[in-house]
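See below for the structure under consideration.
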Amino acid sequence: MCETQSSIHRIDSLDDPRVACYRNLKDRELAGMGERFLAEGDLVVRRLLESDYPVESVLLAERRAGEIAPLVSAGVSIYVAPDRVVDSIVGFRFHLGVIACGRRKPGPALDEVAAKWSGPVTLVVLPEVTKLDNLGSLLRIAGAFGADAVILGERCCDPFYREPIRVSMGAVFHLKLVRSRDLLADLRRLRERWGVQLVGSVLEGRAEPLAGAARPERLALLFGNEAQGLGADCLALCDRRVTIPMKLGADSLNVAVAAGVFLHYFTAESYL
């Protein structure tokens, strides 16, 4: 918590140009306004304020101002509006009177992240997750189980869209996110340069069952697209293929649920 020295401005209408980013809530419009993003809701905004992401402003309903304004760092504009004004913003059931506008920062390169590795390493690799809610859940799970980094493939959706930020419960602000420009080349480097074992999560009956699967010191777990799973190009690079055996006719799990099962297993105290 910090003593705020920020200016508090009264806003009576969303037509005020100072709060334009809160009117233009579409992700693509926000990105076009200088790579901005929105954090919605008490907990998510708190996690943004605790992170090293730049925060441009915070918009608060009057009923929340006394609680949230003292948490805002000096130099960040605070806009306070009547409850009815803030509650008219699309997404009210999520933000509940607390919204912040942040700016993206350059993500770390793989080499930068790898240079800090020592001891066991757990990576999550997402070549092509295309559903925003799934990506948000995956990020939340990766953070909960202490993943050292999440590597996003070229076709993976944007983690700074509103829904992944919200569903991740702000985990996106504290994870090391590496956006790969050439995922196959990066996977080869993980294996050959840094000794990371690539483990593909699959639905193959001949694959190694998760129960009893040995954990290497440096592990990258690959989770595929929601419909097609891992592509043949990624699978060809995997050192192992591991599956979760299922019963009662189930043929698959939601990708985020599967990731939770894998990460719980491979980050157990018996391994680390």
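Just remember, in the structure tokens the first chain shown is A, the second B, etc., residues are 1-based per chain, and ligands are 1-based in the order shown.
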Checklist entry - Skipping near chain neighbours, those fewer than 5 positions away, what residues fall within 10 Å of region 166-172 of chain A using only C-alpha atoms, listed as an MDAnalysis selection string? => result chainID A and resid 38:48 51 94:95 132:144 150 159:161 177
Selection from above, N, CA and C atoms, as a tab-separated table (two decimals), in the first residue's frame, can you write it?
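The file below, selection.tsv, is the result:
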```tsv
chain	number	residue	atom	x	y	z
A	38	LEU	N	-7.14	-2.91	-20.51
A	38	LEU	CA	-7.95	-2.61	-19.34
A	38	LEU	C	-7.92	-3.77	-18.35
A	39	ALA	N	-7.80	-3.41	-17.08
A	39	ALA	CA	-7.94	-4.37	-15.98
A	39	ALA	C	-9.26	-4.07	-15.29
A	40	GLU	N	-10.06	-5.09	-15.07
A	40	GLU	CA	-11.40	-4.90	-14.53
A	40	GLU	C	-11.58	-5.66	-13.23
A	41	GLY	N	-12.10	-4.99	-12.22
A	41	GLY	CA	-12.41	-5.64	-10.96
A	41	GLY	C	-11.36	-5.37	-9.90
A	42	ASP	N	-11.80	-5.44	-8.66
A	42	ASP	CA	-10.97	-5.11	-7.51
A	42	ASP	C	-9.65	-5.88	-7.51
A	43	LEU	N	-9.71	-7.21	-7.51
A	43	LEU	CA	-8.50	-8.02	-7.38
A	43	LEU	C	-7.57	-7.84	-8.57
A	44	VAL	N	-8.12	-7.82	-9.77
A	44	VAL	CA	-7.28	-7.69	-10.96
A	44	VAL	C	-6.59	-6.33	-10.99
A	45	VAL	N	-7.30	-5.28	-10.63
A	45	VAL	CA	-6.69	-3.95	-10.61
A	45	VAL	C	-5.62	-3.88	-9.52
A	46	ARG	N	-5.87	-4.46	-8.37
A	46	ARG	CA	-4.85	-4.48	-7.33
A	46	ARG	C	-3.57	-5.17	-7.83
A	47	ARG	N	-3.74	-6.26	-8.55
A	47	ARG	CA	-2.55	-6.98	-9.04
A	47	ARG	C	-1.83	-6.18	-10.12
A	48	LEU	N	-2.56	-5.44	-10.92
A	48	LEU	CA	-1.91	-4.55	-11.88
A	48	LEU	C	-1.12	-3.48	-11.14
A	51	SER	N	2.17	-4.62	-9.92
A	51	SER	CA	3.11	-5.11	-10.93
A	51	SER	C	3.99	-3.97	-11.43
A	94	PHE	N	-18.46	-7.47	-14.19
A	94	PHE	CA	-17.08	-7.88	-13.93
A	94	PHE	C	-16.30	-6.82	-13.15
A	95	HIS	N	-16.43	-5.55	-13.57
A	95	HIS	CA	-15.56	-4.56	-12.95
A	95	HIS	C	-16.07	-4.05	-11.61
A	132	LEU	N	-10.16	-17.07	-25.85
A	132	LEU	CA	-9.66	-16.11	-24.87
A	132	LEU	C	-9.86	-16.60	-23.44
A	133	ASP	N	-11.00	-17.22	-23.16
A	133	ASP	CA	-11.23	-17.68	-21.78
A	133	ASP	C	-10.29	-18.82	-21.42
A	134	ASN	N	-10.02	-19.70	-22.38
A	134	ASN	CA	-9.07	-20.78	-22.11
A	134	ASN	C	-7.68	-20.23	-21.83
A	135	LEU	N	-7.26	-19.23	-22.59
A	135	LEU	CA	-5.94	-18.66	-22.36
A	135	LEU	C	-5.87	-18.04	-20.96
A	136	GLY	N	-6.92	-17.31	-20.58
A	136	GLY	CA	-6.93	-16.73	-19.25
A	136	GLY	C	-6.84	-17.78	-18.16
A	137	SER	N	-7.59	-18.88	-18.31
A	137	SER	CA	-7.53	-19.96	-17.32
A	137	SER	C	-6.16	-20.61	-17.29
A	138	LEU	N	-5.55	-20.79	-18.45
A	138	LEU	CA	-4.21	-21.38	-18.51
A	138	LEU	C	-3.18	-20.51	-17.80
A	139	LEU	N	-3.28	-19.21	-17.98
A	139	LEU	CA	-2.35	-18.31	-17.32
A	139	LEU	C	-2.54	-18.33	-15.80
A	140	ARG	N	-3.79	-18.37	-15.37
A	140	ARG	CA	-4.06	-18.44	-13.94
A	140	ARG	C	-3.47	-19.72	-13.34
A	141	ILE	N	-3.66	-20.83	-14.05
A	141	ILE	CA	-3.16	-22.12	-13.58
A	141	ILE	C	-1.63	-22.15	-13.60
A	142	ALA	N	-1.04	-21.62	-14.66
A	142	ALA	CA	0.42	-21.58	-14.75
A	142	ALA	C	1.01	-20.79	-13.58
A	143	GLY	N	0.38	-19.67	-13.25
A	143	GLY	CA	0.84	-18.88	-12.12
A	143	GLY	C	0.66	-19.61	-10.81
A	144	ALA	N	-0.47	-20.28	-10.65
A	144	ALA	CA	-0.77	-20.96	-9.39
A	144	ALA	C	0.23	-22.08	-9.10
A	150	VAL	N	5.71	-18.81	-19.53
A	150	VAL	CA	4.72	-19.31	-20.50
A	150	VAL	C	5.17	-18.84	-21.87
A	159	PRO	N	-2.79	-12.39	-24.81
A	159	PRO	CA	-3.06	-12.47	-23.37
A	159	PRO	C	-3.47	-11.15	-22.75
A	160	PHE	N	-3.37	-10.03	-23.50
A	160	PHE	CA	-3.73	-8.74	-22.92
A	160	PHE	C	-5.08	-8.23	-23.42
A	161	TYR	N	-5.86	-9.10	-24.02
A	161	TYR	CA	-7.25	-8.77	-24.26
A	161	TYR	C	-7.99	-8.84	-22.92
A	177	LEU	N	5.99	-13.93	-19.76
A	177	LEU	CA	5.32	-14.31	-21.01
A	177	LEU	C	6.28	-14.08	-22.16
```
Which residues are near Ser252 (chain A)? Cut-off 12 Å, only C-alpha atoms, ignore same chain within fewer than 4 positions. Put them as an mmCIF file with N, CA and C atoms, in the first residue's frame.
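out-v5.cif, freshly written:
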```cif
data_model
loop_
_atom_site.group_PDB
_atom_site.id
_atom_site.type_symbol
_atom_site.label_atom_id
_atom_site.label_comp_id
_atom_site.auth_asym_id
_atom_site.auth_seq_id
_atom_site.Cartn_x
_atom_site.Cartn_y
_atom_site.Cartn_z
ATOM 1 N N SER A 201 1.321 -33.051 -24.346
ATOM 2 C CA SER A 201 0.091 -33.613 -23.778
ATOM 3 C C SER A 201 -0.790 -34.065 -24.938
ATOM 4 N N VAL A 202 -1.148 -35.337 -24.950
ATOM 5 C CA VAL A 202 -1.854 -35.915 -26.091
ATOM 6 C C VAL A 202 -3.011 -36.786 -25.617
ATOM 7 N N LEU A 203 -3.796 -37.251 -26.590
ATOM 8 C CA LEU A 203 -4.925 -38.136 -26.309
ATOM 9 C C LEU A 203 -4.703 -39.524 -26.893
ATOM 10 N N GLU A 204 -3.462 -39.893 -27.068
ATOM 11 C CA GLU A 204 -3.138 -41.160 -27.709
ATOM 12 C C GLU A 204 -3.126 -42.305 -26.698
ATOM 13 N N GLY A 205 -3.777 -43.405 -27.076
ATOM 14 C CA GLY A 205 -3.811 -44.554 -26.191
ATOM 15 C C GLY A 205 -2.440 -45.157 -25.930
ATOM 16 N N GLY A 224 -2.029 -28.268 -26.644
ATOM 17 C CA GLY A 224 -2.414 -27.947 -28.011
ATOM 18 C C GLY A 224 -3.674 -27.112 -28.144
ATOM 19 N N GLU A 226 -7.536 -26.142 -28.876
ATOM 20 C CA GLU A 226 -8.731 -26.706 -28.255
ATOM 21 C C GLU A 226 -9.401 -27.783 -29.113
ATOM 22 N N ALA A 227 -9.351 -27.652 -30.416
ATOM 23 C CA ALA A 227 -10.040 -28.604 -31.296
ATOM 24 C C ALA A 227 -9.108 -29.666 -31.856
ATOM 25 N N GLN A 228 -7.933 -29.250 -32.334
ATOM 26 C CA GLN A 228 -7.038 -30.170 -33.019
ATOM 27 C C GLN A 228 -5.914 -30.728 -32.158
ATOM 28 N N GLY A 229 -5.709 -30.191 -30.975
ATOM 29 C CA GLY A 229 -4.597 -30.636 -30.153
ATOM 30 C C GLY A 229 -3.274 -30.110 -30.693
ATOM 31 N N THR A 243 -0.229 -38.787 -21.600
ATOM 32 C CA THR A 243 -1.681 -38.658 -21.655
ATOM 33 C C THR A 243 -2.307 -38.859 -20.282
ATOM 34 N N ILE A 244 -3.523 -38.353 -20.127
ATOM 35 C CA ILE A 244 -4.323 -38.592 -18.929
ATOM 36 C C ILE A 244 -5.376 -39.643 -19.290
ATOM 37 N N PRO A 245 -5.251 -40.878 -18.829
ATOM 38 C CA PRO A 245 -6.272 -41.888 -19.133
ATOM 39 C C PRO A 245 -7.623 -41.466 -18.577
ATOM 40 N N MET A 246 -8.678 -41.704 -19.344
ATOM 41 C CA MET A 246 -10.025 -41.278 -18.936
ATOM 42 C C MET A 246 -11.010 -42.432 -19.019
ATOM 43 N N LYS A 247 -12.119 -42.266 -18.289
ATOM 44 C CA LYS A 247 -13.140 -43.302 -18.222
ATOM 45 C C LYS A 247 -14.502 -42.741 -18.629
ATOM 46 N N LEU A 248 -15.510 -43.592 -18.556
ATOM 47 C CA LEU A 248 -16.901 -43.219 -18.818
ATOM 48 C C LEU A 248 -17.093 -42.603 -20.197
ATOM 49 N N ALA A 256 -7.422 -26.167 -20.305
ATOM 50 C CA ALA A 256 -6.984 -25.592 -19.039
ATOM 51 C C ALA A 256 -7.094 -26.610 -17.911
ATOM 52 N N VAL A 257 -8.144 -27.417 -17.924
ATOM 53 C CA VAL A 257 -8.280 -28.463 -16.905
ATOM 54 C C VAL A 257 -7.122 -29.449 -17.024
ATOM 55 N N ALA A 258 -6.826 -29.866 -18.248
ATOM 56 C CA ALA A 258 -5.714 -30.795 -18.468
ATOM 57 C C ALA A 258 -4.401 -30.191 -17.977
#
```
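With distances restricted to only C-alpha atoms, A:Val85 is the closest residue to Ala61 (chain A) from A:Ala74, A:Val125, A:Leu230, A:Val85.
Using only C-alpha atoms, the shortest contact distance between Arg218 (chain A) and any of A:Asp27, A:Asp148, A:Asp233, A:Glu35 is found at A:Asp148.
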Checklist entry - What gap, in Å, lies between CA of Arg179 (chain A) and CA of Val261 (chain A)? => result 24.1 Å
Checklist entry - Interatomic distance between CA of Pro216 (chain A) and CA of Leu187 (chain A)? => result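 Going from CA of Pro216 (chain A) over to CA of Leu187 (chain A) covers 16.0 Å.
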Checklist entry - Among region 7-230 of chain A, which residues carry a DSSP assignment of helix (DSSP H, G or I), reported as a ChimeraX atom specification? => result /A:17-23,27-32,42-50,62-71,83-87,92-95,110-114,132-144,162-167,171-173,183-192
Next on the checklist: With DSSP run on the backbone, what are the strand (DSSP E) residues within region 223-268 of chain A? I'd like them as a list of chain:residue names.
Outcome noted: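 DSSP on the backbone gives strand (DSSP E) at A:Arg240, A:Arg241, A:Val242, A:Thr243.
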Using only C-alpha atoms, tabulate the residues of region 47-75 of chain A lying at most 8 Å from any atom of region 103-123 of chain A, each with its closest atom pair and that distance in Å to one decimal, by chain and increasing residue number, as CSV.
```
residue,atom,partner,partner_atom,distance
A:Tyr53,CA,A:Lys105,CA,6.6
A:Pro54,CA,A:Arg103,CA,5.4
A:Val55,CA,A:Arg103,CA,6.3
A:Glu56,CA,A:Arg103,CA,7.1
```
Checklist entry - Can you tell me, as a list in words, what residues are no more than 6 Å from Glu128 (chain A) when counting only C-alpha atoms, ignoring any on the same chain fewer than 5 positions away? => result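 Residues near the query, excluding close chain neighbours: Arg155, Cys156 and Asn225 of chain A.
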Next on the checklist: So that I can check the surroundings of Glu62 (chain A), please list as a PyMOL selection string every protein, DNA and RNA residue that reaches within 9 Å of it, counting only C-alpha atoms and ignoring chain neighbours fewer than 2 positions away.
Outcome noted: chain A and resi 60+64-66+80-83+86+97
Next, write the just-selected residues to a file, as a JSON list (two decimals), in the first residue's frame, keeping C-alpha atoms as the atom set.
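Writing done, so here's result26.json:
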```json
[["chain", "number", "residue", "atom", "x", "y", "z"],
["A", 60, "LEU", "CA", -13.53, 4.40, -9.79],
["A", 64, "ARG", "CA", -15.04, 2.39, -4.24],
["A", 65, "ALA", "CA", -12.87, 5.53, -4.23],
["A", 66, "GLY", "CA", -12.00, 5.58, -0.53],
["A", 80, "VAL", "CA", -13.97, 9.26, -9.77],
["A", 81, "ALA", "CA", -17.47, 9.25, -11.18],
["A", 82, "PRO", "CA", -20.98, 8.74, -9.84],
["A", 83, "ASP", "CA", -21.80, 5.07, -9.47],
["A", 86, "VAL", "CA", -19.25, 3.81, -14.04],
["A", 97, "GLY", "CA", -16.82, -0.04, -10.08]]
```
